[in-house]
Amino acid sequence: MITCQQVRFSYPSETFQLEIDQFSVADGETVALIGPSGCGKTTFINLILGILSPSSGEIQVEGQSLSQLPLAGRQRFRIRKIGLVPQNFELLDYLTIRENILVPFRVSSGLGISAEVVSRCDELAGKVGIADHLGKYPAELSQGERQRAALCRGLVTSPRLILADEPTGNLDPENQDRIVSLLLEEAGRIGATVLMITHDPVLLPRFDRVVDLFALRQEGIAV
Amino acid sequence: MNFSGIFYLGLRYLSRNRGKTFLLVAAFTLVWLLPSGIGVIVSQVEAQLRARAADTPLVLGQAGSPLELVFNSLYFTKPEVATLTLRDVESVSESGLANAIPLYARYSAGGYRIVGTNLDYFDYRRFVFQDGRNLLRLGECIVGSTVAERAGLQVGDAVISTPETLFDLAGVYPLKMTVVGIIAPTGSPDDRAIFVDLKTSWIIEGLGHGHAEAAKLSEDQKIASPSPDSPVRLNASVVEYNEITPETVAQFHFHGDIEDYPVTTAIVVPTDAKNQALLKGRYTVKGGLQLISPAEEMDELFATVFSVQRVVVRLLLVIGLATMAIGALVFLLSNRLRTEEFRHLRHLGADRLTLTALVVFEAAFVILSSLVLCGIGLLLITRISPFVIRHFLS
C-alpha cells in the first residue's frame, strides 16, 4: 500500500530534516506511528498525503508515485483513496456537523452526494455517538465530539488508506477505545490500510505493527 | 471542478456570515444605485418640466425672477411673485399678435392652489370633464382629479378657501365655493389645482364682496344715511356673505376699475412664430414687465442642474471607488483570516482552482446581488419618482 524509498524532506527555513531510507505498509495493515514531539510524524503524514513533496526519494501509495502526479492529479488521488483524520479536527465553522462530514463530496468533482452517502454519514455518526449533533455547528460541540466528527469525515468516503493524526488526543479513555475500535472495525470492513499517529501506549497493542519514527530516522532501516 | 459543491460552500459561508454579507451587498448597492438613481431622477424631472414648458410658449409677468414666474404659471407655486394688472394682459390680446390667458394663483384651499383664470385656460389645456360642467357664475369652482380624489370631493360639495392669516381681523375672509366640475386626470399640476373664475379669486382677496343691499339696511347699520351726493357708509354690524349663492350673487360687486386688478401671470399664445418674435421684441424694452419662454428658462435651469449633477456624480464615484476599495480590503482580510479553512479544504482534496473558484464565487455573489438590488432600486425609482416629482412640483 505505502512504500517509501530514500525519502528526504526539509522545510526551507528550518534545520529540521526528515530522512527515511525505506518504509512500507502492506495492504490492509494497521500501523501505529509513534515518536517524540517534533520528530516529524505529522510531516511524514503530509508527505504520504501529497500535501508536501519530498526533496528527493519516492513515496508510492497503491503503486502510484504521488510526486510524479501533477498537483490536481495528486489532490484527486488523495480525495478518492485517502481518508484523513487530522490532529486539530479541521472542521469548517460555517457548516453543520453533517455538512462537515460530507465536505469531501463537495470539493471533489468525482464524488456526488447520494442518499446512500448521507445514510453512511448518519450511520457513522451514530456509531461514534454524535447522531444528535449532526445539525449543530462545530462551535456548539465539545472537543471530543468534534474529534469524532472529524473521524466520521475521514471514513465517509470509504478510503483505501486512512491516515489519522492523533485522533484520540482530545478524548477520555472510554471514548478513545470507542474511536479506535470504530476506526479499526471500519478499516477492516472496507479493507483499508491504517496509519495512525498516537502517543497513547494503551492503544498500541490493537495495531498490527508499531513504528517509532524517531528510531526509523536514526537507524535508517527498513521496518 | 465541482461547481455545485463550490456554490454550496460559498452560499453556506455567506449565509453563516450574513451580517458581513449584508453590509457588503448594501455598500455595493449604494455605490451603483446613488449615481444611477440620481441620473434617473434628474432625467425624469427634466422630462416633466420640459413637457409642461413645451406646452406653454410664453409667459407674461412682472419683472423679477423669470424662474419664479415660470413656476407660478406652470406649477402654481411661488404665490408671492409680483403681480401685473389685467390691463397688461389684455393689452397683449388687443395687439392681435397673441391670445393671453390670465392666471391668479395666490390663494389656496386645503393645501391646494386656487387658480383664478378664464375659460380660455380650460380650452388651451384641453381639459376633459370627468364629472360636472364648466364654470358659469361667481363662487363656483372646478377641481383637479387629485384634489377630488384626496379630498373626497364630488360635484355639489363645497370648498372653503384658507384664510391668509388667523390674526388679521381685517384680512381676507374664507369664501365657500361650490364644486361644479371635476377634471379628468391630466398627469400635470392641473390635477392638484382648484380652478375658479378670475373674479372669484378677487373676491377671495377681498377686492370684491357681497353684503346686504344698503337701501334695505336698518338705520343702526349705517353710519350715515344715504343721500344723493355722498355714499352710504356701513358699520361692522352689516353681514358680509362668505358664500355666493343664486340669492346673494346679485349683491356681489367690485369697487374700482377691474382692469387694474391683479393677476400673477399670463400664458401668452402667439398666433404664429413671427408674432411670437415680435412680441418678445416688444417686451424686452417694455418697462416693468417680462415676456419669457418657459422652454428657454428650463434650458438655463437644466444647464445649472446638470453641472451640479456632474459634480455630485463625480463625488459619488470617488466615494464609490473608496467603498469598493474597502470592500476589496474586506475580502482580502477575510481570505487571510480563512487561510486555515483553505488549508483544511486542501487537505480534504480541494485543489487551488477550486479554492480560487470558491473565493471568486463569493465575491461575484456579493457584486451580482448588489447589481440585482440596484436594478430593483432603479426600477422602483423609475416607477415611483414620477409621482414623487409631480408631488414636489405641484
# chains A, B, ... in the order shown; residues from 1 in each chain; ligands from 1
>>> interface_residues(of="chain A", to="chain B", cutoff="12 Å", atoms="only C-alpha atoms", output="number ranges by chain")
A: 45-52, 70-96, 99-113, 137, 150, 153-157, 163
>>> residues_around(residues="region 279-296 of chain B", least_positions_apart="4", cutoff="7 Å", atoms="only C-alpha atoms", output="list in words")
Arg50, Ala53, Ala54, Thr56, Pro57, Leu58, Val59, Leu60, Gly61, Gln62, Ala63, Val70, Asn275 and Glu300 of chain B
>>> write_last_selection(atoms="N, CA, C and O atoms", output="PDB file, in the first residue's frame")
ATOM      1  N   ARG B  50     -39.792  69.878 -18.836  1.00  0.00           N
ATOM      2  CA  ARG B  50     -39.711  70.293 -20.244  1.00  0.00           C
ATOM      3  C   ARG B  50     -41.047  70.077 -20.957  1.00  0.00           C
ATOM      4  O   ARG B  50     -41.435  70.874 -21.814  1.00  0.00           O
ATOM      5  N   ALA B  53     -43.252  72.841 -19.963  1.00  0.00           N
ATOM      6  CA  ALA B  53     -42.743  74.089 -20.539  1.00  0.00           C
ATOM      7  C   ALA B  53     -43.002  74.145 -22.041  1.00  0.00           C
ATOM      8  O   ALA B  53     -43.349  75.192 -22.586  1.00  0.00           O
ATOM      9  N   ALA B  54     -42.856  72.968 -22.690  1.00  0.00           N
ATOM     10  CA  ALA B  54     -43.048  72.936 -24.140  1.00  0.00           C
ATOM     11  C   ALA B  54     -44.495  73.244 -24.516  1.00  0.00           C
ATOM     12  O   ALA B  54     -44.773  73.747 -25.600  1.00  0.00           O
ATOM     13  N   THR B  56     -46.286  75.418 -23.136  1.00  0.00           N
ATOM     14  CA  THR B  56     -46.584  76.813 -22.763  1.00  0.00           C
ATOM     15  C   THR B  56     -45.581  77.724 -23.474  1.00  0.00           C
ATOM     16  O   THR B  56     -44.454  77.886 -23.016  1.00  0.00           O
ATOM     17  N   PRO B  57     -45.973  78.297 -24.608  1.00  0.00           N
ATOM     18  CA  PRO B  57     -44.981  79.030 -25.416  1.00  0.00           C
ATOM     19  C   PRO B  57     -44.362  80.231 -24.703  1.00  0.00           C
ATOM     20  O   PRO B  57     -43.151  80.367 -24.667  1.00  0.00           O
ATOM     21  N   LEU B  58     -45.219  81.114 -24.148  1.00  0.00           N
ATOM     22  CA  LEU B  58     -44.679  82.322 -23.497  1.00  0.00           C
ATOM     23  C   LEU B  58     -45.449  82.617 -22.218  1.00  0.00           C
ATOM     24  O   LEU B  58     -46.614  82.237 -22.084  1.00  0.00           O
ATOM     25  N   VAL B  59     -44.773  83.303 -21.328  1.00  0.00           N
ATOM     26  CA  VAL B  59     -45.401  83.681 -20.059  1.00  0.00           C
ATOM     27  C   VAL B  59     -45.112  85.156 -19.810  1.00  0.00           C
ATOM     28  O   VAL B  59     -43.979  85.598 -19.946  1.00  0.00           O
ATOM     29  N   LEU B  60     -46.178  85.868 -19.467  1.00  0.00           N
ATOM     30  CA  LEU B  60     -46.029  87.305 -19.184  1.00  0.00           C
ATOM     31  C   LEU B  60     -46.119  87.521 -17.674  1.00  0.00           C
ATOM     32  O   LEU B  60     -46.999  86.955 -17.015  1.00  0.00           O
ATOM     33  N   GLY B  61     -45.229  88.353 -17.176  1.00  0.00           N
ATOM     34  CA  GLY B  61     -45.285  88.621 -15.740  1.00  0.00           C
ATOM     35  C   GLY B  61     -44.535  89.881 -15.394  1.00  0.00           C
ATOM     36  O   GLY B  61     -43.915  90.510 -16.249  1.00  0.00           O
ATOM     37  N   GLN B  62     -44.630  90.190 -14.109  1.00  0.00           N
ATOM     38  CA  GLN B  62     -43.918  91.373 -13.624  1.00  0.00           C
ATOM     39  C   GLN B  62     -42.422  91.070 -13.604  1.00  0.00           C
ATOM     40  O   GLN B  62     -42.023  89.916 -13.429  1.00  0.00           O
ATOM     41  N   ALA B  63     -41.619  92.086 -13.839  1.00  0.00           N
ATOM     42  CA  ALA B  63     -40.169  91.873 -13.827  1.00  0.00           C
ATOM     43  C   ALA B  63     -39.747  91.287 -12.484  1.00  0.00           C
ATOM     44  O   ALA B  63     -40.316  91.626 -11.446  1.00  0.00           O
ATOM     45  N   VAL B  70     -42.080  81.380 -14.135  1.00  0.00           N
ATOM     46  CA  VAL B  70     -42.385  80.134 -14.855  1.00  0.00           C
ATOM     47  C   VAL B  70     -43.052  79.129 -13.917  1.00  0.00           C
ATOM     48  O   VAL B  70     -44.058  78.509 -14.270  1.00  0.00           O
ATOM     49  N   ASN B 275     -45.205  86.388 -35.011  1.00  0.00           N
ATOM     50  CA  ASN B 275     -45.783  87.231 -33.965  1.00  0.00           C
ATOM     51  C   ASN B 275     -45.131  86.987 -32.610  1.00  0.00           C
ATOM     52  O   ASN B 275     -45.027  87.894 -31.783  1.00  0.00           O
ATOM     53  N   GLU B 300     -31.897  76.879 -19.308  1.00  0.00           N
ATOM     54  CA  GLU B 300     -30.932  77.507 -18.393  1.00  0.00           C
ATOM     55  C   GLU B 300     -30.888  76.782 -17.057  1.00  0.00           C
ATOM     56  O   GLU B 300     -29.824  76.531 -16.505  1.00  0.00           O
TER      57      GLU B 300
END
>>> closest_residue(among="B:Asn118, B:Ser95, B:Gln154, B:Ser161", to="Leu278 (chain B)", atoms="only C-alpha atoms")
B:Ser95
>>> select_by_dssp(residues="region 27-96 of chain A", states="alpha helix (DSSP H)", output="list in words")
Lys41, Thr42, Thr43, Phe44, Ile45, Asn46, Leu47, Ile48, Leu49, Leu71, Ala72, Gly73, Arg74, Gln75, Arg76, Phe77, Arg78, Ile79, Arg80 and Lys81 of chain A
>>> residues_around(residues="Arg126 (chain B)", least_positions_apart="3", cutoff="12 Å", atoms="only C-alpha atoms", output="PyMOL selection string")
chain B and resi 55+119-123+129+183-186+190
>>> residues_around(residues="Leu317 (chain B)", least_positions_apart="5", cutoff="10 Å", atoms="only C-alpha atoms", output="number ranges by chain")
B: 31-32, 34-35, 311-312, 322-323
>>> atom_distance(atom1="CA of Cys374 (chain B)", atom2="CA of Phe331 (chain B)")
20.8 Å
>>> select_by_dssp(residues="region 154-375 of chain B", states="strand (DSSP E or B)", output="mmCIF file with N, CA, C and O atoms, in the first residue's frame")
data_model
loop_
_atom_site.group_PDB
_atom_site.id
_atom_site.type_symbol
_atom_site.label_atom_id
_atom_site.label_comp_id
_atom_site.auth_asym_id
_atom_site.auth_seq_id
_atom_site.Cartn_x
_atom_site.Cartn_y
_atom_site.Cartn_z
ATOM 1 N N ALA B 158 -68.631 71.460 -1.229
ATOM 2 C CA ALA B 158 -68.113 72.821 -1.072
ATOM 3 C C ALA B 158 -66.627 72.812 -0.734
ATOM 4 O O ALA B 158 -66.125 71.874 -0.112
ATOM 5 N N VAL B 159 -65.955 73.855 -1.192
ATOM 6 C CA VAL B 159 -64.536 74.049 -0.878
ATOM 7 C C VAL B 159 -64.417 75.417 -0.228
ATOM 8 O O VAL B 159 -65.005 76.379 -0.716
ATOM 9 N N ILE B 160 -63.693 75.489 0.891
ATOM 10 C CA ILE B 160 -63.556 76.777 1.580
ATOM 11 C C ILE B 160 -62.104 77.240 1.461
ATOM 12 O O ILE B 160 -61.179 76.493 1.789
ATOM 13 N N LYS B 176 -66.682 80.285 0.671
ATOM 14 C CA LYS B 176 -67.182 78.924 0.431
ATOM 15 C C LYS B 176 -67.583 78.828 -1.043
ATOM 16 O O LYS B 176 -68.402 79.622 -1.523
ATOM 17 N N MET B 177 -66.963 77.863 -1.734
ATOM 18 C CA MET B 177 -67.228 77.728 -3.174
ATOM 19 C C MET B 177 -67.833 76.357 -3.457
ATOM 20 O O MET B 177 -67.503 75.368 -2.789
ATOM 21 N N THR B 178 -68.680 76.301 -4.469
ATOM 22 C CA THR B 178 -69.340 75.040 -4.806
ATOM 23 C C THR B 178 -68.593 74.353 -5.946
ATOM 24 O O THR B 178 -68.247 74.998 -6.946
ATOM 25 N N VAL B 179 -68.346 73.063 -5.780
ATOM 26 C CA VAL B 179 -67.683 72.285 -6.842
ATOM 27 C C VAL B 179 -68.722 71.985 -7.916
ATOM 28 O O VAL B 179 -69.741 71.340 -7.635
ATOM 29 N N VAL B 180 -68.451 72.467 -9.148
ATOM 30 C CA VAL B 180 -69.410 72.193 -10.234
ATOM 31 C C VAL B 180 -68.820 71.249 -11.281
ATOM 32 O O VAL B 180 -69.529 70.773 -12.162
ATOM 33 N N GLY B 181 -67.516 70.974 -11.172
ATOM 34 C CA GLY B 181 -66.913 70.069 -12.164
ATOM 35 C C GLY B 181 -65.630 69.454 -11.652
ATOM 36 O O GLY B 181 -64.969 70.015 -10.775
ATOM 37 N N ILE B 182 -65.329 68.269 -12.162
ATOM 38 C CA ILE B 182 -64.071 67.593 -11.823
ATOM 39 C C ILE B 182 -63.370 67.255 -13.139
ATOM 40 O O ILE B 182 -63.972 66.655 -14.040
ATOM 41 N N ILE B 183 -62.104 67.664 -13.230
ATOM 42 C CA ILE B 183 -61.355 67.453 -14.472
ATOM 43 C C ILE B 183 -60.758 66.047 -14.478
ATOM 44 O O ILE B 183 -60.262 65.574 -13.450
ATOM 45 N N ALA B 193 -54.953 71.337 -8.653
ATOM 46 C CA ALA B 193 -55.374 72.742 -8.534
ATOM 47 C C ALA B 193 -56.895 72.847 -8.459
ATOM 48 O O ALA B 193 -57.619 71.935 -8.839
ATOM 49 N N ILE B 194 -57.331 73.994 -7.911
ATOM 50 C CA ILE B 194 -58.769 74.303 -7.860
ATOM 51 C C ILE B 194 -58.955 75.538 -8.742
ATOM 52 O O ILE B 194 -58.331 76.571 -8.487
ATOM 53 N N PHE B 195 -59.736 75.390 -9.781
ATOM 54 C CA PHE B 195 -59.882 76.487 -10.738
ATOM 55 C C PHE B 195 -61.170 77.262 -10.458
ATOM 56 O O PHE B 195 -62.227 76.669 -10.241
ATOM 57 N N VAL B 196 -61.005 78.577 -10.444
ATOM 58 C CA VAL B 196 -62.171 79.453 -10.275
ATOM 59 C C VAL B 196 -62.076 80.570 -11.326
ATOM 60 O O VAL B 196 -61.035 80.747 -11.960
ATOM 61 N N ASP B 197 -63.174 81.279 -11.461
ATOM 62 C CA ASP B 197 -63.147 82.441 -12.341
ATOM 63 C C ASP B 197 -62.265 83.515 -11.700
ATOM 64 O O ASP B 197 -62.141 83.584 -10.471
ATOM 65 N N GLY B 208 -63.500 92.157 -4.191
ATOM 66 C CA GLY B 208 -64.939 92.197 -4.436
ATOM 67 C C GLY B 208 -65.606 91.578 -3.232
ATOM 68 O O GLY B 208 -65.010 90.768 -2.527
ATOM 69 N N HIS B 209 -66.827 91.971 -2.983
ATOM 70 C CA HIS B 209 -67.515 91.402 -1.821
ATOM 71 C C HIS B 209 -69.022 91.489 -2.010
ATOM 72 O O HIS B 209 -69.528 92.154 -2.905
ATOM 73 N N GLY B 210 -69.732 90.825 -1.102
ATOM 74 C CA GLY B 210 -71.191 90.874 -1.159
ATOM 75 C C GLY B 210 -71.748 91.113 0.222
ATOM 76 O O GLY B 210 -71.231 90.576 1.204
ATOM 77 N N HIS B 211 -72.744 91.951 0.297
ATOM 78 C CA HIS B 211 -73.406 92.188 1.586
ATOM 79 C C HIS B 211 -74.838 92.617 1.301
ATOM 80 O O HIS B 211 -75.227 92.851 0.164
ATOM 81 N N LYS B 222 -76.106 101.787 9.513
ATOM 82 C CA LYS B 222 -75.478 102.819 8.692
ATOM 83 C C LYS B 222 -74.808 103.841 9.597
ATOM 84 O O LYS B 222 -75.317 104.167 10.667
ATOM 85 N N ILE B 223 -73.700 104.312 9.135
ATOM 86 C CA ILE B 223 -73.064 105.405 9.866
ATOM 87 C C ILE B 223 -73.715 106.714 9.424
ATOM 88 O O ILE B 223 -73.964 107.602 10.201
ATOM 89 N N ALA B 224 -74.037 106.760 8.181
ATOM 90 C CA ALA B 224 -74.698 107.964 7.667
ATOM 91 C C ALA B 224 -75.832 107.551 6.740
ATOM 92 O O ALA B 224 -75.757 106.508 6.114
ATOM 93 N N SER B 227 -77.584 109.678 0.803
ATOM 94 C CA SER B 227 -78.002 110.952 0.220
ATOM 95 C C SER B 227 -77.467 110.992 -1.194
ATOM 96 O O SER B 227 -76.542 110.238 -1.530
ATOM 97 N N SER B 230 -73.508 111.778 -1.314
ATOM 98 C CA SER B 230 -72.485 111.066 -0.524
ATOM 99 C C SER B 230 -72.842 109.567 -0.432
ATOM 100 O O SER B 230 -74.017 109.233 -0.336
ATOM 101 N N ARG B 233 -72.202 104.816 4.166
ATOM 102 C CA ARG B 233 -71.122 104.179 4.921
ATOM 103 C C ARG B 233 -71.772 103.214 5.900
ATOM 104 O O ARG B 233 -72.629 103.576 6.671
ATOM 105 N N LEU B 234 -71.335 101.970 5.840
ATOM 106 C CA LEU B 234 -71.950 100.926 6.661
ATOM 107 C C LEU B 234 -71.023 100.560 7.798
ATOM 108 O O LEU B 234 -69.805 100.577 7.646
ATOM 109 N N GLU B 240 -71.478 90.328 5.954
ATOM 110 C CA GLU B 240 -70.861 90.089 4.631
ATOM 111 C C GLU B 240 -71.068 88.631 4.289
ATOM 112 O O GLU B 240 -70.933 87.762 5.148
ATOM 113 N N GLU B 243 -70.439 83.180 1.065
ATOM 114 C CA GLU B 243 -70.787 82.163 0.078
ATOM 115 C C GLU B 243 -71.613 82.844 -0.999
ATOM 116 O O GLU B 243 -72.476 83.680 -0.691
ATOM 117 N N PHE B 252 -72.987 90.797 -4.915
ATOM 118 C CA PHE B 252 -71.518 90.862 -5.004
ATOM 119 C C PHE B 252 -71.113 91.904 -6.035
ATOM 120 O O PHE B 252 -71.693 91.985 -7.118
ATOM 121 N N HIS B 253 -70.136 92.671 -5.697
ATOM 122 C CA HIS B 253 -69.714 93.756 -6.590
ATOM 123 C C HIS B 253 -68.246 94.102 -6.326
ATOM 124 O O HIS B 253 -67.665 93.678 -5.312
ATOM 125 N N PHE B 254 -67.674 94.821 -7.225
ATOM 126 C CA PHE B 254 -66.261 95.208 -7.125
ATOM 127 C C PHE B 254 -66.158 96.720 -7.076
ATOM 128 O O PHE B 254 -66.934 97.420 -7.745
ATOM 129 N N PRO B 262 -55.269 92.681 -9.911
ATOM 130 C CA PRO B 262 -54.006 91.938 -10.129
ATOM 131 C C PRO B 262 -54.192 90.527 -10.707
ATOM 132 O O PRO B 262 -55.202 89.877 -10.471
ATOM 133 N N VAL B 263 -53.213 90.129 -11.448
ATOM 134 C CA VAL B 263 -53.042 88.703 -11.826
ATOM 135 C C VAL B 263 -51.553 88.383 -11.600
ATOM 136 O O VAL B 263 -50.723 89.297 -11.649
ATOM 137 N N THR B 265 -49.690 85.956 -13.341
ATOM 138 C CA THR B 265 -49.018 85.756 -14.639
ATOM 139 C C THR B 265 -50.074 85.653 -15.727
ATOM 140 O O THR B 265 -51.271 85.588 -15.428
ATOM 141 N N ALA B 266 -49.589 85.552 -16.949
ATOM 142 C CA ALA B 266 -50.497 85.254 -18.063
ATOM 143 C C ALA B 266 -49.769 84.339 -19.029
ATOM 144 O O ALA B 266 -48.575 84.509 -19.288
ATOM 145 N N ILE B 267 -50.510 83.357 -19.508
ATOM 146 C CA ILE B 267 -49.938 82.482 -20.546
ATOM 147 C C ILE B 267 -50.230 83.150 -21.887
ATOM 148 O O ILE B 267 -51.388 83.496 -22.173
ATOM 149 N N VAL B 268 -49.185 83.349 -22.652
ATOM 150 C CA VAL B 268 -49.331 84.054 -23.925
ATOM 151 C C VAL B 268 -49.137 83.060 -25.064
ATOM 152 O O VAL B 268 -48.103 82.385 -25.133
ATOM 153 N N VAL B 269 -50.164 82.980 -25.906
ATOM 154 C CA VAL B 269 -50.115 82.008 -27.009
ATOM 155 C C VAL B 269 -50.109 82.782 -28.328
ATOM 156 O O VAL B 269 -51.156 83.236 -28.796
ATOM 157 N N PRO B 270 -48.928 82.999 -28.914
ATOM 158 C CA PRO B 270 -48.855 83.776 -30.156
ATOM 159 C C PRO B 270 -49.574 83.056 -31.299
ATOM 160 O O PRO B 270 -49.648 81.827 -31.304
ATOM 161 N N LEU B 289 -42.383 94.836 -17.116
ATOM 162 C CA LEU B 289 -42.935 93.523 -17.454
ATOM 163 C C LEU B 289 -41.890 92.672 -18.167
ATOM 164 O O LEU B 289 -40.972 93.196 -18.789
ATOM 165 N N GLN B 290 -42.067 91.372 -18.068
ATOM 166 C CA GLN B 290 -41.173 90.480 -18.818
ATOM 167 C C GLN B 290 -42.015 89.419 -19.517
ATOM 168 O O GLN B 290 -43.012 88.913 -18.986
ATOM 169 N N LEU B 291 -41.617 89.099 -20.740
ATOM 170 C CA LEU B 291 -42.276 88.042 -21.514
ATOM 171 C C LEU B 291 -41.200 86.991 -21.779
ATOM 172 O O LEU B 291 -40.217 87.262 -22.470
ATOM 173 N N ILE B 292 -41.398 85.838 -21.197
ATOM 174 C CA ILE B 292 -40.316 84.846 -21.296
ATOM 175 C C ILE B 292 -40.832 83.533 -21.855
ATOM 176 O O ILE B 292 -42.022 83.225 -21.786
#
>>> residues_around(residues="region 211-213 of chain A", least_positions_apart="4", cutoff="7 Å", atoms="only C-alpha atoms", output="VMD selection string")
chain A and resid 32 to 35 41 217
>>> write_last_selection(atoms="N, CA, C and O atoms", output="short mmCIF file (atom, residue, chain, number, x, y, z; two decimals), in the first residue's frame")
data_model
loop_
_atom_site.label_atom_id
_atom_site.label_comp_id
_atom_site.auth_asym_id
_atom_site.auth_seq_id
_atom_site.Cartn_x
_atom_site.Cartn_y
_atom_site.Cartn_z
N ALA A 32 0.63 1.73 13.95
CA ALA A 32 0.66 2.88 14.86
C ALA A 32 2.01 3.55 14.72
O ALA A 32 3.05 2.89 14.80
N LEU A 33 2.00 4.85 14.47
CA LEU A 33 3.24 5.61 14.30
C LEU A 33 3.48 6.41 15.57
O LEU A 33 2.66 7.25 15.95
N ILE A 34 4.59 6.12 16.22
CA ILE A 34 4.88 6.81 17.48
C ILE A 34 6.20 7.58 17.33
O ILE A 34 6.90 7.44 16.32
N GLY A 35 6.52 8.36 18.33
CA GLY A 35 7.76 9.13 18.31
C GLY A 35 7.58 10.39 19.11
O GLY A 35 6.44 10.86 19.29
N LYS A 41 6.34 13.34 12.66
CA LYS A 41 5.22 12.41 12.38
C LYS A 41 4.18 13.07 11.45
O LYS A 41 3.78 12.48 10.45
N ARG A 217 14.28 7.04 11.77
CA ARG A 217 15.15 8.07 11.22
C ARG A 217 16.61 7.84 11.66
O ARG A 217 17.53 8.06 10.88
#
>>> closest_residue(among="A:Glu29, A:Glu19, A:Asp208, A:Asp177", to="Met1 (chain A)", atoms="only C-alpha atoms")
A:Glu29
>>> atom_distance(atom1="CA of Gln176 (chain A)", atom2="CA of His133 (chain A)")
18.9 Å
>>> residues_around(residues="Ser65 (chain A)", least_positions_apart="2", cutoff="10 Å", atoms="only C-alpha atoms", output="list of chain:residue names")
A:Ile2, A:Thr3, A:Cys4, A:Ile48, A:Gly50, A:Glu58, A:Ile59, A:Gln60, A:Val61, A:Glu62, A:Gly63, A:Ser67, A:Gln68, A:Leu69, A:Arg74
>>> residues_around(residues="Val128 (chain A)", least_positions_apart="4", cutoff="9 Å", atoms="only C-alpha atoms", output="JSON, numbers by chain")
{"A": [123, 124, 145, 148, 149, 151, 152, 175, 178, 179, 182]}
>>> atom_distance(atom1="CA of Leu368 (chain B)", atom2="CA of Val313 (chain B)")
21.9 Å
